>>> print(open('my_file10.cif').read())   # mmCIF, C-alpha atoms
data_input
loop_
_atom_site.label_atom_id
_atom_site.label_comp_id
_atom_site.auth_asym_id
_atom_site.auth_seq_id
_atom_site.Cartn_x
_atom_site.Cartn_y
_atom_site.Cartn_z
CA MET O 1 24.79 5.89 -5.18
CA TYR O 2 21.48 7.41 -4.02
CA TYR O 3 20.68 8.54 -7.57
CA LYS O 4 21.41 5.09 -8.99
CA THR O 5 19.31 3.37 -6.32
CA THR O 6 16.36 5.72 -6.83
CA LEU O 7 16.55 5.35 -10.62
CA PHE O 8 16.62 1.56 -10.27
CA SER O 9 13.57 1.67 -8.00
CA LEU O 10 11.64 3.81 -10.48
CA LEU O 11 12.55 1.55 -13.39
CA PHE O 12 11.60 -1.54 -11.40
CA ALA O 13 8.24 -0.05 -10.39
CA THR O 14 7.50 1.03 -13.97
CA THR O 15 8.39 -2.41 -15.32
CA LEU O 16 6.22 -4.14 -12.73
CA PHE O 17 3.25 -1.86 -13.50
CA CYS O 18 3.58 -2.51 -17.24
CA GLN O 19 3.75 -6.26 -16.68
CA GLN O 20 0.49 -6.07 -14.73
CA LEU O 21 -1.10 -4.34 -17.68
CA TYR O 22 -0.02 -6.64 -20.47
CA GLU O 23 0.31 -10.02 -18.76
CA PHE O 24 -2.77 -12.22 -19.08
CA PRO O 25 -3.84 -13.76 -15.73
CA ARG O 26 -4.74 -17.41 -15.34
CA GLN O 27 -8.35 -18.50 -14.89
CA THR O 28 -9.72 -14.98 -14.36
CA ALA O 29 -13.15 -13.68 -15.38
CA THR O 30 -14.15 -10.00 -15.50
CA ARG O 31 -17.51 -9.08 -13.98
CA TRP O 32 -19.48 -5.87 -13.47
CA VAL O 33 -22.57 -5.51 -11.30
CA SER O 34 -25.18 -2.76 -11.49
CA PHE O 35 -28.96 -2.66 -11.59
CA GLU O 36 -28.62 -3.72 -15.24
CA ASN O 37 -27.00 -6.99 -14.07
CA THR O 38 -27.15 -7.36 -10.30
CA SER O 39 -25.73 -10.90 -10.31
CA GLY O 40 -22.93 -10.17 -12.77
CA GLU O 41 -23.83 -13.33 -14.67
CA LYS O 42 -22.33 -13.93 -18.07
CA GLY O 43 -24.64 -12.82 -20.89
CA LYS O 44 -27.32 -11.51 -18.50
CA GLY O 45 -26.65 -7.77 -18.59
CA GLY O 46 -28.92 -5.01 -19.91
CA GLN O 47 -32.03 -7.15 -20.46
CA ALA O 48 -34.67 -4.70 -19.18
CA ASN O 49 -36.62 -2.66 -21.77
CA LYS O 50 -35.14 -4.85 -24.50
CA GLY O 51 -31.65 -3.60 -23.71
CA ALA O 52 -32.51 0.11 -24.03
CA LYS O 53 -31.27 1.40 -20.66
CA GLY O 54 -34.22 -0.09 -18.84
CA HIS O 55 -32.82 -0.47 -15.32
CA ALA O 56 -30.04 2.05 -14.72
CA MET O 57 -31.22 3.10 -11.25
CA GLU O 58 -33.44 2.29 -8.29
CA ASP O 59 -34.72 4.18 -5.28
CA LEU O 60 -33.72 3.57 -1.66
CA PRO O 61 -36.67 4.39 0.62
CA ALA O 62 -36.10 5.67 4.14
CA GLY O 63 -35.28 2.82 6.51
CA SER O 64 -34.50 0.35 3.72
CA SER O 65 -31.37 -1.53 2.62
CA LYS O 66 -30.16 -2.68 -0.76
CA VAL O 67 -27.59 -5.33 -1.65
CA LEU O 68 -25.30 -3.98 -4.36
CA LEU O 69 -23.06 -7.03 -4.66
CA ASP O 70 -23.46 -10.63 -3.56
CA THR O 71 -21.01 -12.99 -5.19
CA LYS O 72 -19.41 -16.32 -4.32
CA GLY O 73 -15.94 -17.55 -5.06
CA SER O 74 -12.50 -16.00 -5.02
CA GLY O 75 -11.80 -12.62 -6.54
CA ILE O 76 -10.84 -8.97 -6.23
CA ILE O 77 -13.01 -5.86 -6.27
CA HIS O 78 -11.10 -3.31 -8.35
CA ARG O 79 -13.37 -0.29 -8.69
CA MET O 80 -16.63 1.10 -7.36
CA TRP O 81 -18.63 4.01 -8.78
CA ILE O 82 -21.85 5.32 -7.20
CA THR O 83 -23.97 8.42 -7.57
CA ILE O 84 -27.10 9.49 -5.72
CA SER O 85 -29.66 12.24 -6.21
CA ASP O 86 -29.42 13.64 -2.67
CA ARG O 87 -25.83 14.52 -1.80
CA SER O 88 -26.61 16.69 1.21
CA PRO O 89 -24.39 16.33 4.29
CA HIS O 90 -27.26 14.79 6.22
CA MET O 91 -27.86 12.10 3.61
CA LEU O 92 -24.15 11.35 3.18
CA ARG O 93 -23.91 10.67 6.91
CA SER O 94 -27.29 8.86 7.10
CA LEU O 95 -26.42 6.32 4.41
CA VAL O 96 -24.35 3.44 5.79
CA PHE O 97 -21.94 1.59 3.51
CA GLN O 98 -21.04 -1.98 4.50
CA ILE O 99 -18.85 -4.72 3.01
CA PHE O 100 -18.82 -8.34 4.25
CA TRP O 101 -16.09 -10.85 3.34
CA ASP O 102 -16.39 -14.64 3.10
CA ASP O 103 -19.93 -14.85 4.54
CA ALA O 104 -18.91 -13.15 7.78
CA GLU O 105 -21.74 -11.74 9.91
CA ILE O 106 -19.70 -8.71 10.99
CA PRO O 107 -18.97 -6.12 8.26
CA ALA O 108 -15.33 -5.30 7.58
CA VAL O 109 -16.42 -1.93 6.19
CA ASN O 110 -19.00 -0.07 8.26
CA ALA O 111 -18.99 3.67 7.65
CA PRO O 112 -21.11 6.62 6.59
CA PHE O 113 -21.34 6.61 2.82
CA GLY O 114 -19.77 10.01 2.18
CA ASP O 115 -16.90 9.61 4.63
CA PHE O 116 -16.03 6.18 3.24
CA PHE O 117 -15.52 7.70 -0.21
CA GLY O 118 -12.79 10.02 0.90
CA VAL O 119 -14.20 13.32 2.22
CA GLY O 120 -15.10 14.02 5.83
CA LEU O 121 -17.82 16.24 7.30
CA GLY O 122 -20.45 14.97 4.86
CA ARG O 123 -19.32 17.43 2.18
CA ARG O 124 -18.47 17.00 -1.50
CA VAL O 125 -15.42 18.49 -3.16
CA PRO O 126 -14.12 17.70 -6.68
CA PHE O 127 -10.82 15.88 -6.18
CA GLU O 128 -8.69 12.88 -7.10
CA ASN O 129 -6.13 10.91 -5.12
CA VAL O 130 -4.64 7.44 -5.22
CA PHE O 131 -7.74 5.75 -3.72
CA PHE O 132 -10.75 8.00 -4.31
CA SER O 133 -12.07 10.56 -6.76
CA ASP O 134 -15.06 12.81 -7.34
CA PRO O 135 -14.55 14.46 -10.73
CA GLU O 136 -17.22 17.14 -10.44
CA GLY O 137 -18.58 16.84 -6.92
CA ARG O 138 -21.41 14.53 -7.98
CA SER O 139 -20.01 11.00 -7.87
CA PHE O 140 -18.22 8.58 -5.56
CA ASN O 141 -15.32 6.51 -6.89
CA CYS O 142 -13.05 4.05 -5.09
CA CYS O 143 -10.22 2.02 -6.63
CA ILE O 144 -8.74 0.30 -3.57
CA PRO O 145 -8.13 -3.37 -4.46
CA MET O 146 -10.20 -5.61 -2.19
CA PRO O 147 -9.47 -9.36 -2.41
CA PHE O 148 -11.84 -12.03 -1.12
CA LYS O 149 -11.47 -15.81 -0.95
CA LYS O 150 -14.99 -17.22 -0.60
CA ALA O 151 -17.55 -14.45 -1.01
CA ALA O 152 -18.16 -10.70 -1.08
CA ARG O 153 -21.31 -8.77 -0.22
CA ILE O 154 -21.87 -4.99 -0.32
CA VAL O 155 -24.89 -3.36 1.31
CA ILE O 156 -26.10 0.25 1.46
CA LYS O 157 -28.61 1.33 4.12
CA ASN O 158 -30.74 4.45 4.24
CA GLN O 159 -31.08 5.35 7.91
CA SER O 160 -32.48 8.82 7.21
CA ASP O 161 -36.16 9.81 7.30
CA LYS O 162 -36.06 10.76 3.61
CA ASP O 163 -36.50 8.55 0.56
CA LEU O 164 -33.55 8.49 -1.83
CA ASP O 165 -35.20 8.47 -5.23
CA MET O 166 -32.19 7.78 -7.46
CA LEU O 167 -29.28 5.44 -6.80
CA PHE O 168 -26.93 4.42 -9.62
CA TYR O 169 -23.90 2.17 -9.17
CA ASP O 170 -21.29 0.08 -10.96
CA ILE O 171 -18.93 -2.32 -9.16
CA ASN O 172 -16.14 -3.91 -11.19
CA PHE O 173 -14.38 -7.07 -10.04
CA THR O 174 -12.67 -10.22 -11.23
CA LEU O 175 -13.28 -13.83 -10.23
CA SER O 176 -10.59 -16.48 -10.23
CA THR O 177 -10.34 -20.19 -9.51
CA GLU O 178 -7.12 -19.49 -7.63
CA SER O 179 -6.90 -17.26 -4.56
CA ASN O 180 -3.74 -15.70 -3.19
CA PRO O 181 -3.13 -17.26 0.24
CA ASN O 182 -1.24 -14.13 1.31
CA ALA O 183 -4.00 -11.70 0.33
CA LEU O 184 -5.34 -9.51 3.12
CA TYR O 185 -8.92 -8.33 3.63
CA PHE O 186 -9.83 -4.65 3.34
CA TYR O 187 -11.45 -2.77 6.25
CA CYS O 188 -12.80 0.68 7.00
CA TYR O 189 -13.61 1.86 10.53
CA TRP O 190 -15.30 5.21 11.22
CA ASN O 191 -15.99 7.10 14.42
CA ARG O 192 -16.88 10.59 15.64
CA VAL O 193 -16.30 12.27 18.99
CA PRO O 194 -18.23 15.59 19.10
CA ALA O 195 -16.15 16.88 22.01
CA THR O 196 -12.76 15.34 22.71
CA LYS O 197 -11.42 15.48 26.26
CA PRO O 198 -8.32 17.67 26.68
CA GLY O 199 -5.30 15.44 27.13
CA VAL O 200 -6.98 12.28 25.79
CA ASP O 201 -5.90 11.36 22.26
CA TYR O 202 -8.60 10.70 19.67
CA GLU O 203 -8.48 7.13 18.33
CA ILE O 204 -8.38 7.05 14.56
CA LEU O 205 -8.13 3.26 14.80
CA PRO O 206 -8.74 1.39 18.07
CA ASN O 207 -6.41 -1.46 18.86
CA ILE O 208 -6.85 -4.33 16.40
CA THR O 209 -5.12 -7.70 16.55
CA GLY O 210 -3.74 -9.70 13.65
CA LYS O 211 -1.33 -9.21 10.79
CA GLY O 212 -1.97 -6.40 8.37
CA ARG O 213 -1.27 -2.99 6.95
CA PHE O 214 -2.56 0.42 7.96
CA LEU O 215 -3.48 2.20 4.71
CA GLY O 216 -4.25 5.63 6.12
CA THR O 217 -7.12 7.87 7.07
CA ASN O 218 -9.31 10.80 6.17
CA ILE O 219 -10.13 13.08 9.09
CA GLY O 220 -12.73 15.78 9.68
CA VAL O 221 -12.32 18.50 12.32
CA ILE O 222 -14.90 21.03 13.48
CA GLY O 223 -13.10 23.55 15.64
CA ASN O 224 -14.60 24.52 18.98
CA PRO O 225 -15.53 28.24 18.84
CA VAL O 226 -14.62 28.80 22.50
CA TYR O 227 -10.96 28.94 21.43
CA GLU O 228 -11.66 32.07 19.35
CA LYS O 229 -9.80 31.14 16.17
CA SER O 230 -6.76 29.77 17.97
CA TRP O 231 -4.81 27.33 15.79
CA TRP O 232 -6.04 23.77 16.33
CA GLY O 233 -3.58 21.59 14.39
CA GLU O 234 -0.56 21.00 16.61
CA GLY O 235 -1.49 17.41 17.48
CA GLU O 236 0.77 14.52 16.49
CA VAL O 237 -0.40 11.29 14.83
CA LYS O 238 0.88 8.25 16.73
CA ILE O 239 0.90 4.65 15.50
CA TYR O 240 1.31 1.92 18.11
CA LEU O 241 2.66 -1.32 16.62
CA ASP O 242 3.12 -4.89 17.85
CA GLY O 243 3.03 -4.53 21.60
CA ASP O 244 3.64 -0.79 22.02
CA THR O 245 2.03 0.39 25.26
CA ASP O 246 2.64 3.87 26.69
CA PHE O 247 4.60 5.18 23.72
CA PRO O 248 4.32 4.47 19.99
CA THR O 249 6.94 3.34 17.50
CA LEU O 250 5.76 5.79 14.82
CA VAL O 251 5.04 9.43 15.65
CA GLY O 252 4.68 12.58 13.59
CA THR O 253 5.42 16.20 14.48
CA GLY O 254 2.04 17.89 13.93
CA THR O 255 -1.25 17.64 12.11
CA GLU O 256 -0.38 19.55 8.95
CA ASP O 257 3.04 17.89 9.01
CA TYR O 258 1.36 14.47 8.87
CA ILE O 259 -0.31 15.34 5.55
CA GLY O 260 2.88 16.77 4.09
CA SER O 261 2.18 20.47 4.54
CA ALA O 262 3.64 22.97 7.04
CA TRP O 263 3.03 26.23 8.89
CA GLY O 264 -0.76 25.99 8.67
CA GLN O 265 -3.15 24.02 6.51
CA GLY O 266 -4.75 25.25 3.30
CA GLU O 267 -6.63 23.42 0.54
CA PHE O 268 -4.72 21.03 -1.71
CA TYR O 269 -5.04 17.47 -2.96
CA HIS O 270 -2.20 15.19 -3.99
CA ARG O 271 -2.03 11.46 -4.65
CA PHE O 272 -1.22 10.41 -1.11
CA GLN O 273 -1.99 13.47 1.02
CA GLY O 274 -4.26 16.47 0.96
CA CYS O 275 -6.66 18.86 2.65
CA LEU O 276 -9.98 19.10 0.80
CA ILE O 277 -11.68 21.52 3.18
CA ALA O 278 -9.88 24.37 4.95
CA ASP O 279 -12.68 26.68 6.01
CA THR O 280 -11.14 29.20 8.40
CA ASP O 281 -14.40 31.16 8.69
CA LEU O 282 -16.32 28.17 10.00
CA ASP O 283 -13.35 26.33 11.53
CA ARG O 284 -13.83 23.16 9.49
CA TRP O 285 -11.14 20.99 7.94
CA ALA O 286 -11.13 17.67 6.09
CA PHE O 287 -7.78 16.09 5.20
CA TYR O 288 -6.18 12.73 4.38
CA ARG O 289 -2.94 10.75 4.30
CA TYR O 290 -2.56 7.38 2.55
CA HIS O 291 0.47 5.23 3.33
CA VAL O 292 1.21 3.84 -0.12
CA PRO O 293 4.83 4.91 -0.71
CA ASP O 294 5.49 4.57 3.04
CA PRO O 295 3.82 1.29 4.08
CA VAL O 296 2.83 0.71 7.70
CA TYR O 297 2.89 -3.03 8.45
CA PHE O 298 2.05 -4.78 11.69
CA TYR O 299 2.37 -8.41 12.77
CA ASN O 300 0.38 -8.60 16.00
CA ASN O 301 -1.61 -5.43 16.60
CA CYS O 302 -2.01 -1.79 15.62
CA ARG O 303 -3.56 1.33 17.15
CA VAL O 304 -3.59 4.84 15.64
CA THR O 305 -4.32 8.10 17.47
CA ILE O 306 -4.10 11.86 16.98
CA GLN O 307 -3.65 14.43 19.70
CA GLN O 308 -6.00 17.39 19.84
CA ILE O 309 -3.50 20.15 20.52
CA GLY O 310 -3.76 23.80 19.55
CA GLY O 311 -1.82 26.95 20.15
CA ASN O 312 -1.76 30.69 20.46
CA TYR O 313 0.44 33.35 21.98
CA LYS O 314 0.82 33.37 25.73
CA ASP O 315 -1.29 36.48 26.46
CA LYS O 316 -4.22 35.09 24.46
CA VAL O 317 -4.03 31.70 26.13
CA ILE O 318 -4.03 33.33 29.57
CA GLU O 319 -7.10 35.32 28.49
CA LEU O 320 -8.88 32.13 27.41
CA GLU O 321 -7.97 30.39 30.67
CA LYS O 322 -9.54 33.22 32.65
CA LYS O 323 -12.77 32.66 30.69
CA GLY O 324 -12.81 29.03 31.80
CA VAL O 325 -12.11 27.57 28.36
CA PRO O 326 -11.16 23.86 28.69
CA MET O 327 -7.43 23.55 28.03
CA ILE O 328 -4.19 22.17 29.40
CA PRO O 329 -1.09 24.25 28.49
CA ILE O 330 1.82 21.95 27.64
CA SER O 331 4.69 24.07 26.29
CA ILE O 332 6.01 27.56 25.50
CA HIS O 333 8.25 28.21 22.52
CA GLN O 334 10.10 31.39 21.63
CA ALA O 335 13.13 30.50 19.54
CA PRO O 336 15.62 29.41 20.63
CA ARG O 337 13.92 28.80 23.99
CA PHE O 338 11.52 25.90 24.51
CA THR O 339 9.90 25.02 27.82
CA GLY O 340 8.05 21.76 28.30
CA LEU O 341 5.57 22.68 31.02
CA LEU O 342 4.57 19.10 31.76
CA GLU O 343 8.16 18.22 32.62
CA LYS O 344 8.09 20.63 35.56
CA GLN O 345 6.75 19.54 38.94
CA PRO O 346 4.52 21.06 39.93
CA VAL O 347 3.33 22.23 36.51
CA PRO O 348 3.52 26.04 36.61
CA GLU O 349 0.67 28.41 35.78
CA LEU O 350 1.17 30.53 32.66
CA THR O 351 1.02 33.61 34.88
CA ASP O 352 4.19 32.46 36.67
CA PRO O 353 6.63 35.41 36.22
CA SER O 354 9.55 33.00 35.76
CA LEU O 355 8.09 31.77 32.43
CA HIS O 356 9.15 33.46 29.23
CA ASP O 357 6.73 34.72 26.58
CA GLY O 358 6.06 32.95 23.28
CA TRP O 359 3.77 30.51 21.52
CA VAL O 360 1.85 28.25 23.90
CA ASN O 361 0.66 24.82 22.83
CA PHE O 362 -2.27 23.37 24.77
CA TYR O 363 -4.56 20.37 24.81
CA ARG O 364 -8.04 21.37 23.65
CA SER O 365 -11.49 19.93 22.90
CA ASP O 366 -12.86 19.73 19.34
CA ASP O 367 -15.24 17.70 17.19
CA ILE O 368 -13.27 15.00 15.35
CA SER O 369 -14.33 12.22 12.99
CA ALA O 370 -12.19 9.86 10.96
CA ALA O 371 -12.32 6.94 8.55
CA ALA O 372 -9.43 4.50 9.04
CA TYR O 373 -8.53 2.18 6.16
CA PHE O 374 -6.50 -0.98 6.69
CA TYR O 375 -5.91 -4.57 5.60
CA LEU O 376 -6.09 -7.55 7.96
CA ASP O 377 -5.43 -11.27 7.67
CA LYS O 378 -8.97 -12.29 8.68
CA PRO O 379 -12.37 -11.60 7.08
CA SER O 380 -13.96 -10.08 10.19
CA VAL O 381 -12.97 -8.56 13.52
CA GLU O 382 -14.87 -6.98 16.40
CA LEU O 383 -14.73 -3.18 16.26
CA PRO O 384 -16.76 -0.55 18.13
CA PRO O 385 -20.21 -0.07 16.57
CA LEU O 386 -21.01 2.75 14.19
CA PRO O 387 -22.22 5.80 16.17
CA PRO O 388 -25.98 6.42 16.08
CA LEU O 389 -27.55 8.72 13.52
CA ASP O 390 -27.77 11.78 15.76
CA ILE O 391 -24.04 11.61 16.50
CA ARG O 392 -23.18 11.13 12.82
CA THR O 393 -25.32 14.01 11.53
CA GLY O 394 -25.12 16.62 14.30
CA ASN O 395 -23.69 20.09 13.55
CA LEU O 396 -23.27 19.56 9.79
CA LEU O 397 -23.47 22.31 7.20
CA GLN O 398 -25.22 22.46 3.87
CA ASP O 399 -22.71 21.62 1.13
CA LYS O 400 -22.30 24.56 -1.23
CA LEU O 401 -22.32 22.14 -4.17
CA ASP O 402 -25.88 21.12 -3.33
CA GLU O 403 -27.50 24.43 -2.37
#
>>> encode(input="my_file10.cif", output="C-alpha cells")
Amino acid sequence: MYYKTTLFSLLFATTLFCQQLYEFPRQTATRWVSFENTSGEKGKGGQANKGAKGHAMEDLPAGSSKVLLDTKGSGIIHRMWITISDRSPHMLRSLVFQIFWDDAEIPAVNAPFGDFFGVGLGRRVPFENVFFSDPEGRSFNCCIPMPFKKAARIVIKNQSDKDLDMLFYDINFTLSTESNPNALYFYCYWNRVPATKPGVDYEILPNITGKGRFLGTNIGVIGNPVYEKSWWGEGEVKIYLDGDTDFPTLVGTGTEDYIGSAWGQGEFYHRFQGCLIADTDLDRWAFYRYHVPDPVYFYNNCRVTIQQIGGNYKDKVIELEKKGVPMIPISIHQAPRFTGLLEKQPVPELTDPSLHDGWVNFYRSDDISAAAYFYLDKPSVELPPLPPLDIRTGNLLQDKLDE
C-alpha cells in the first residue's frame, strides 16, 4: 500500500508540474527589468547605445540606494539574478536588500544582500538548491515565487564606506489582470547575536502573527574559541505554532539532524538541506533547511528558535568549567545510561562522585546569525530592525574566492 501511495504521489506531482509548463495562463504578461529596461515596459528594452549593450550595469556609491524594481498591478516575481564587482564579506553584509509589497512602508524583506541569497557569514560558495544558486561563486540567484496584488518594489542600499562600481541585475516576473486571493506574501527576516546567552535560545524567527508558512532558514555560526574545539551543534530547532507557549509543537533532535545529516556536520548541498561551510579550523559553519517537501503551516502565529548547545567528554567539560568558561551542563550520556542533570534538584556539579562518566551536553555562547524565509497573509508586519552595520560586519573573514 505504501508503494502504491508513494507512486501515485510522484505521478500526481509530475503531472501537475508538466501542466504548469504547457498550460497557457489567462491574461498574463511576461516582463524583465534590468538597467536595459528599468520599467519593464513593452518594446522599451535595450535602447541605449542604439541597442548595442549600452546600459548593462551601474555603480552604487557608498551611502546610496537604487531601486531595482518598481511596478504596479498584480503579479509574481519568479527569478532574480544579480552580480556585483565587490563580493567581499564586508560588502555582502553592508549591502541591504529590501522588498516592499503593495505600497507598504515597511519592507517584507530586509536583510544583508549576501545572507538573503542563501549563504551565511558573508561568504560565497558555488552551490545550488531549491531556492538559491551561485554557479561559480560570482553570482546571486533566487527563484522563490513572490506574488503581489497591487505593487512590488525592490531596493538595494550600499551602507558601506566603499563605492560599488559595477552592479548588474535581471528580475523576471509576470503581470496579470487577475490575482489569486489566497496568495501569500514573501518575507525574509535576518538577525545576528554575536554572543548568545547560555540557556537562552536564539530566535531564528521572532513571534509573528497571521496565517502563513515557514519556508526555512539559512544559519551562520562562528564558534566561540573559549570552548577549545568542543562540538557546538547539539542544539534543537523548535517551532512554536498557533498559541504554543512554554513548549513547541515541532522540535528536532539536534543541529546537524535538522539539516538531514548526523554524527557531525561536513560540507554538502542538496535541494532542501545542506551545509555550505564547515570550517573546523576556524570554527565557522553555514547551513540551511528549506521546508518544501515538509510544509510548516500556521494559522495564528509562529516562532522559530534554535538552542546553542555543545558537548564534550566529562573530564574536558570539568576542565573548561574550572577556567570559568560560560556554560551550563545539562546532561551526561554513556550508553545505555542517560542522566538529565536539569531534572535533579538541586542540579549536581559534574564533580559529584555519584555521576557517571560520558559525553556531557551543555548550553554555550556562540555567534549566530540567520535568515528566516516565510510567507504571510499580509503585505507588511512589524519585525525587529536590521542590526547596525558594525554588528553585521564584525568578525568576518576574507572569502577565499575573492582573495
>>> resolve_selection(input="my_file10.cif", expression="the PyMOL selection byres ((chain O and resi 187) around 12)", output="PyMOL selection string")
chain O and resi 97-101+106-111+116+144-148+184-186+188-190+205+208+212-217+371-383
>>> atom_distance(input="my_file10.cif", atom1="atom CA of O:Leu355", atom2="atom CA of O:Gln334")
11.0 Å
>>> axis_aligned_box(input="my_file10.cif", around="stretch 90-100 of chain O", padding_each_side="5 Å", output="AutoDock Vina command-line options")
--center_x -23.3 --center_y 3.2 --center_z 5.1 --size_x 19.0 --size_y 33.1 --size_z 14.1
>>> closest_residue(input="my_file10.cif", among="O:Glu343, O:Asp279, O:Asp257, O:Asp315", to="O:Leu121", atoms="only C-alpha atoms")
O:Asp279
>>> closest_residue(input="my_file10.cif", among="O:Ser88, O:Gln345, O:Thr83, O:Ser331", to="O:Lys162", atoms="all atoms listed in the file")
O:Ser88
>>> closest_residue(input="my_file10.cif", among="O:Gln307, O:Ser65, O:Asn395, O:Ser74", to="O:Ser176", atoms="all atoms listed in the file")
O:Ser74
>>> resolve_selection(input="my_file10.cif", expression="the PyMOL selection byres ((chain O and resi 156-160) around 6)", output="PDB file with C-alpha atoms, in the coordinates of the input")
ATOM      1  CA  ALA O  62     -36.100   5.670   4.140  1.00  0.00           C
ATOM      2  CA  GLY O  63     -35.280   2.820   6.510  1.00  0.00           C
ATOM      3  CA  SER O  64     -34.500   0.350   3.720  1.00  0.00           C
ATOM      4  CA  SER O  65     -31.370  -1.530   2.620  1.00  0.00           C
ATOM      5  CA  LYS O  66     -30.160  -2.680  -0.760  1.00  0.00           C
ATOM      6  CA  SER O  94     -27.290   8.860   7.100  1.00  0.00           C
ATOM      7  CA  LEU O  95     -26.420   6.320   4.410  1.00  0.00           C
ATOM      8  CA  VAL O  96     -24.350   3.440   5.790  1.00  0.00           C
ATOM      9  CA  PHE O  97     -21.940   1.590   3.510  1.00  0.00           C
ATOM     10  CA  VAL O 155     -24.890  -3.360   1.310  1.00  0.00           C
ATOM     11  CA  ASP O 161     -36.160   9.810   7.300  1.00  0.00           C
ATOM     12  CA  LYS O 162     -36.060  10.760   3.610  1.00  0.00           C
TER      13      LYS O 162
END
>>> resolve_selection(input="my_file10.cif", expression="the PyMOL selection byres ((chain O and resi 308-312) around 7)", output="PDB file with C-alpha atoms, keeping the file's coordinate frame")
ATOM      1  CA  ASP O 201      -5.900  11.360  22.260  1.00  0.00           C
ATOM      2  CA  SER O 230      -6.760  29.770  17.970  1.00  0.00           C
ATOM      3  CA  TRP O 231      -4.810  27.330  15.790  1.00  0.00           C
ATOM      4  CA  TRP O 232      -6.040  23.770  16.330  1.00  0.00           C
ATOM      5  CA  GLY O 233      -3.580  21.590  14.390  1.00  0.00           C
ATOM      6  CA  GLU O 234      -0.560  21.000  16.610  1.00  0.00           C
ATOM      7  CA  GLY O 235      -1.490  17.410  17.480  1.00  0.00           C
ATOM      8  CA  ILE O 306      -4.100  11.860  16.980  1.00  0.00           C
ATOM      9  CA  GLN O 307      -3.650  14.430  19.700  1.00  0.00           C
ATOM     10  CA  TYR O 313       0.440  33.350  21.980  1.00  0.00           C
ATOM     11  CA  LYS O 314       0.820  33.370  25.730  1.00  0.00           C
ATOM     12  CA  LYS O 316      -4.220  35.090  24.460  1.00  0.00           C
ATOM     13  CA  VAL O 317      -4.030  31.700  26.130  1.00  0.00           C
ATOM     14  CA  TRP O 359       3.770  30.510  21.520  1.00  0.00           C
ATOM     15  CA  VAL O 360       1.850  28.250  23.900  1.00  0.00           C
ATOM     16  CA  ASN O 361       0.660  24.820  22.830  1.00  0.00           C
ATOM     17  CA  PHE O 362      -2.270  23.370  24.770  1.00  0.00           C
ATOM     18  CA  TYR O 363      -4.560  20.370  24.810  1.00  0.00           C
ATOM     19  CA  ARG O 364      -8.040  21.370  23.650  1.00  0.00           C
ATOM     20  CA  SER O 365     -11.490  19.930  22.900  1.00  0.00           C
TER      21      SER O 365
END
>>> residues_around(input="my_file10.cif", residues="O:Asp366", least_positions_apart="2", cutoff="7 Å", atoms="only C-alpha atoms", output="PDB file with C-alpha atoms, in the frame of the given file")
ATOM      1  CA  PRO O 194     -18.230  15.590  19.100  1.00  0.00           C
ATOM      2  CA  ALA O 195     -16.150  16.880  22.010  1.00  0.00           C
ATOM      3  CA  THR O 196     -12.760  15.340  22.710  1.00  0.00           C
ATOM      4  CA  ILE O 222     -14.900  21.030  13.480  1.00  0.00           C
ATOM      5  CA  GLY O 223     -13.100  23.550  15.640  1.00  0.00           C
ATOM      6  CA  ASN O 224     -14.600  24.520  18.980  1.00  0.00           C
ATOM      7  CA  ARG O 364      -8.040  21.370  23.650  1.00  0.00           C
ATOM      8  CA  ILE O 368     -13.270  15.000  15.350  1.00  0.00           C
TER       9      ILE O 368
END
>>> closest_residue(input="my_file10.cif", among="O:Ser354, O:Ser34, O:Asn301, O:Asn191", to="O:Leu241", atoms="all atoms listed in the file")
O:Asn301
>>> atom_distance(input="my_file10.cif", atom1="atom CA of O:Tyr269", atom2="atom CA of O:Arg303")
25.8 Å
>>> closest_residue(input="my_file10.cif", among="O:Ala29, O:Glu58, O:Lys50, O:Gly40", to="O:Ile76", atoms="all atoms listed in the file")
O:Ala29
>>> closest_residue(input="my_file10.cif", among="O:Arg26, O:Lys229, O:Arg153, O:Arg289", to="O:Glu256", atoms="all atoms listed in the file")
O:Arg289
>>> residues_around(input="my_file10.cif", residues="O:Pro387", least_positions_apart="4", cutoff="8 Å", atoms="all atoms listed in the file", output="list of chain:residue names")
O:Asn191, O:Arg192, O:Ile391, O:Arg392
>>> residues_around(input="my_file10.cif", residues="O:Ile84", least_positions_apart="5", cutoff="7 Å", atoms="all atoms listed in the file", output="PyMOL selection string")
chain O and resi 166-168
>>> decode(input="my_file10.cif", residues="stretch 337-345 of chain O", atoms="N, CA and C atoms", output="PDB file, in the first residue's frame")
ATOM      1  N   ARG O 337      23.284   4.490  29.587  1.00  0.00           N
ATOM      2  CA  ARG O 337      22.885   5.389  30.677  1.00  0.00           C
ATOM      3  C   ARG O 337      22.761   6.822  30.175  1.00  0.00           C
ATOM      4  N   PHE O 338      21.697   7.481  30.569  1.00  0.00           N
ATOM      5  CA  PHE O 338      21.488   8.902  30.272  1.00  0.00           C
ATOM      6  C   PHE O 338      21.003   9.588  31.537  1.00  0.00           C
ATOM      7  N   THR O 339      21.645  10.685  31.885  1.00  0.00           N
ATOM      8  CA  THR O 339      21.256  11.443  33.068  1.00  0.00           C
ATOM      9  C   THR O 339      20.928  12.868  32.677  1.00  0.00           C
ATOM     10  N   GLY O 340      19.680  13.267  32.866  1.00  0.00           N
ATOM     11  CA  GLY O 340      19.282  14.646  32.651  1.00  0.00           C
ATOM     12  C   GLY O 340      19.578  15.453  33.899  1.00  0.00           C
ATOM     13  N   LEU O 341      20.638  16.234  33.871  1.00  0.00           N
ATOM     14  CA  LEU O 341      21.079  16.965  35.062  1.00  0.00           C
ATOM     15  C   LEU O 341      20.054  17.975  35.535  1.00  0.00           C
ATOM     16  N   LEU O 342      19.339  18.592  34.598  1.00  0.00           N
ATOM     17  CA  LEU O 342      18.394  19.644  34.978  1.00  0.00           C
ATOM     18  C   LEU O 342      17.148  19.081  35.655  1.00  0.00           C
ATOM     19  N   GLU O 343      16.954  17.779  35.566  1.00  0.00           N
ATOM     20  CA  GLU O 343      15.804  17.164  36.231  1.00  0.00           C
ATOM     21  C   GLU O 343      16.081  16.881  37.701  1.00  0.00           C
ATOM     22  N   LYS O 344      17.339  17.017  38.110  1.00  0.00           N
ATOM     23  CA  LYS O 344      17.700  16.777  39.510  1.00  0.00           C
ATOM     24  C   LYS O 344      17.664  18.084  40.286  1.00  0.00           C
ATOM     25  N   GLN O 345      17.185  18.024  41.504  1.00  0.00           N
ATOM     26  CA  GLN O 345      17.142  19.194  42.377  1.00  0.00           C
ATOM     27  C   GLN O 345      17.793  18.872  43.711  1.00  0.00           C
TER      28      GLN O 345
END
